[in-house]
Amino acid sequence: MAKKLTAQADDFSAWYNEVIAKAELADNAPTRGCMVIRPYGFALWENMVAELDRMFKDTGHVNAYFPLLIPDSFFQKEAEHVEGFSPECAVVTHGGGKKLEENLMVRPTSETIIADMYARWIQSYRDLPLLINQWANVFRWELRPRAFLRTTEFLWQEGHTAHATAEEAEEETLRILDIYRTFAEDYMAIPVLYGPKTDAEKFPGALQTYAIEGMMKDGKALQMGTSHNLGQNFSRAFNIDFQTRDGSREYVYQTSWGMSTRTVGAIIMAHGDDRGLVLPPRLAPHQVVVIPIAKSDEEQAVVREAVDRLLETLEGVRVKVDDREQFGLGWKFTEWETKGVPLRVELGPRDIASGQAVVVRRDTGEKEFVPLESLGGRVGDLLQTVQRDMFQRALTFRESRSQEIQERDSFVTAANGDGGFIHAHWCGDPACEAAIKEETRNTIRCVPMHWDAVTGACAYCGGPSERMVAYAQAY
RNA sequence: CGGGGUGUAGCGCAGUCCGGUCAGCGCACCUGCUUUGGGAGCAGGGGGUCGGGGGUUCAAAUCCCCCCACCCCGACCA
């Protein structure tokens, strides 16, 4: 392990890759574009999965599992969908040593195969709504993979719901967007802009895509979750109809929504610093690392006993005790800082003698001496404080990297600049959007629905605008 | 697919121009002893198809030809 990380300011991309390696989140796999998620990285993902899964279940969703392989013909049924995904699909052409009658697509997303099943399962309005989520791996043959952000294979959840009315589908789409926003802000400690995508940026086959967008420390925006209102596009293509209360037949209204292992990349890039990861307490695999300090055997016995008592006061906290003998203290401090553990507790003979422990925050580096008898309570408080402060810092950072622009020249200059969100009016014309994409490094990330609707003039073409949109350079 | 790189020990690299004690260094690893409040020290030790194939030569990591893989920048994108 090299001594120091590349500084974020020197080369953010190198910093990102080094953090992932040194924090042991993931390793490059022998398979092109794929990564191995290592135990520490997977523990982080598992905590994210647990919280999201709970939130989905609390809102009436259930989990199921559909096949990895999807018949090619399914993709052909929805025109936009096939056009959007075909270029990035892996295709199975042989099985059992023979060429297949029909190619099988390795799923890039599961709308089609799930729609096919929904057509069989849904007969009546009484079967609705159908609220299913699946945790799965998907494959997208991206041209330029990056660990967590864009890997050929990635893990995610994909929700697929069917409803009796357009209104219910829209409600569901927004309900999920709100879950994603809540998860991003309250768990990942990343403030997000949220709202609909433009037509150019929406999911292939959707009526409307909503997204949450976070700001990374290099000034680029990261799409962290999407919720799609599919309308009847898939139900018409797959014949998912049902009998209404009054006996007529109608196609169902669907939604789909997903959040992926990309969000691990968001946590890395939104909070990490030059010393490594900084993990939000609510998701950190270890919330506290305890480092016993002892020289002699006698000291070790005393310290070990003190650590045991200390652990009893940390009931309900995810604690890791680092009692490895082969590493010195400095090495351990550095390692857990690199891994972003929110709190470090040092306990040695000097501390025990004075009835206290040293507690150090990862996010600020602040050190305090805490009486052993109140350690449990203090740690609990600190974890909440760190969680809150991390969100606040990320919000302050985002605001410092956000600017409102009205004039074309300054808009173009800023959109070719060093990042951040640009709040600007847009006329709504796709041609104008395309021209901006052509001339600048920015794209419209979303139309934040939480901003007040104020009319104005498009920052690029000057045409009339109903509201401001959020531009940024995107990952 | 365009442009630029890199393949030598687990990781990071030197050596390649100019063929010949070049199979080397640092970290990691193993053994032993001493250490331990911010990446410990000493001693000893193990580990290699030099990306692959072919060619030139008395001799190839080094020169020539072909191939492969990976990384970075762009287009595509969760």
# chains A, B, ... in the order shown; residues from 1 in each chain; ligands from 1
call {"tool": "interface_residues", "arguments": {"of": "chain B", "to": "chain A", "cutoff": "6 Å", "atoms": "only C-alpha atoms (C1' of nucleotides)", "output": "PDB file with C-alpha atoms (C1' of nucleotides), in the first residue's frame"}}
result
ATOM      1  C1'   U B  36       3.918  -0.513  20.035  1.00  0.00           C
ATOM      2  C1'   G B  38       0.214   8.590  14.144  1.00  0.00           C
ATOM      3  C1'   G B  39       2.013   4.144   8.497  1.00  0.00           C
TER       4        G B  39
END
call {"tool": "residues_around", "arguments": {"residues": "stretch 61-72 of chain B", "least_positions_apart": "2", "cutoff": "8 Å", "atoms": "only C-alpha atoms (C1' of nucleotides)", "output": "count of residues only"}}
result
14
call {"tool": "atom_distance", "arguments": {"atom1": "atom CA of A:Ser73", "atom2": "atom CA of A:Asn103"}}
result
8.4 Å
call {"tool": "residues_around", "arguments": {"residues": "A:Tyr16", "least_positions_apart": "4", "cutoff": "8 Å", "atoms": "only C-alpha atoms (C1' of nucleotides)", "output": "list in words"}}
result
Phe12, Ile20, Ile268 and Met269 of chain A
call {"tool": "atom_distance", "arguments": {"atom1": "atom CA of A:Ala164", "atom2": "atom CA of A:Ile212"}}
result
26.3 Å
call {"tool": "atom_distance", "arguments": {"atom1": "atom CA of A:Val138", "atom2": "atom CA of A:Arg54"}}
result
21.9 Å
call {"tool": "select_by_dssp", "arguments": {"residues": "stretch 133-295 of chain A", "states": "strand (DSSP E)", "output": "ChimeraX atom specification"}}
result
/A:133-139,153-163,192-196,208-215,221-231,241-243,249-251,253-260,288-292
call {"tool": "residues_around", "arguments": {"residues": "B:C42", "least_positions_apart": "6", "cutoff": "12 Å", "atoms": "only C-alpha atoms (C1' of nucleotides)", "output": "PyMOL selection string"}}
result
chain B and resi 32-35
call {"tool": "write_last_selection", "arguments": {"atoms": "C-alpha atoms (C1' of nucleotides)", "output": "mmCIF file, in the first residue's frame"}}
result
data_model
loop_
_atom_site.group_PDB
_atom_site.id
_atom_site.type_symbol
_atom_site.label_atom_id
_atom_site.label_comp_id
_atom_site.auth_asym_id
_atom_site.auth_seq_id
_atom_site.Cartn_x
_atom_site.Cartn_y
_atom_site.Cartn_z
ATOM 1 C "C1'" G B 32 13.072 -15.096 14.397
ATOM 2 C "C1'" C B 33 14.039 -11.384 17.980
ATOM 3 C "C1'" U B 34 13.152 -6.494 19.697
ATOM 4 C "C1'" U B 35 9.177 -2.878 19.471
#
call {"tool": "residues_around", "arguments": {"residues": "A:Ile422", "least_positions_apart": "5", "cutoff": "9 Å", "atoms": "only C-alpha atoms (C1' of nucleotides)", "output": "ChimeraX atom specification"}}
result
/A:401-405,411,414-415,442,469-472
call {"tool": "residues_around", "arguments": {"residues": "A:Val345", "least_positions_apart": "3", "cutoff": "6 Å", "atoms": "only C-alpha atoms (C1' of nucleotides)", "output": "list in words"}}
result
Val290, Val358 and Val359 of chain A
call {"tool": "write_last_selection", "arguments": {"atoms": "C-alpha atoms", "output": "tab-separated table (two decimals), in the first residue's frame"}}
result
chain	number	residue	atom	x	y	z
A	290	VAL	CA	-12.06	0.65	18.73
A	358	VAL	CA	-10.31	9.21	23.17
A	359	VAL	CA	-12.98	9.64	20.51
call {"tool": "residues_around", "arguments": {"residues": "A:Ala119", "least_positions_apart": "5", "cutoff": "9 Å", "atoms": "only C-alpha atoms (C1' of nucleotides)", "output": "PyMOL selection string"}}
result
chain A and resi 114+235+238-242
call {"tool": "closest_residue", "arguments": {"among": "B:U49, B:C27, B:C1, B:G44", "to": "B:C13", "atoms": "only C-alpha atoms (C1' of nucleotides)"}}
result
B:C27
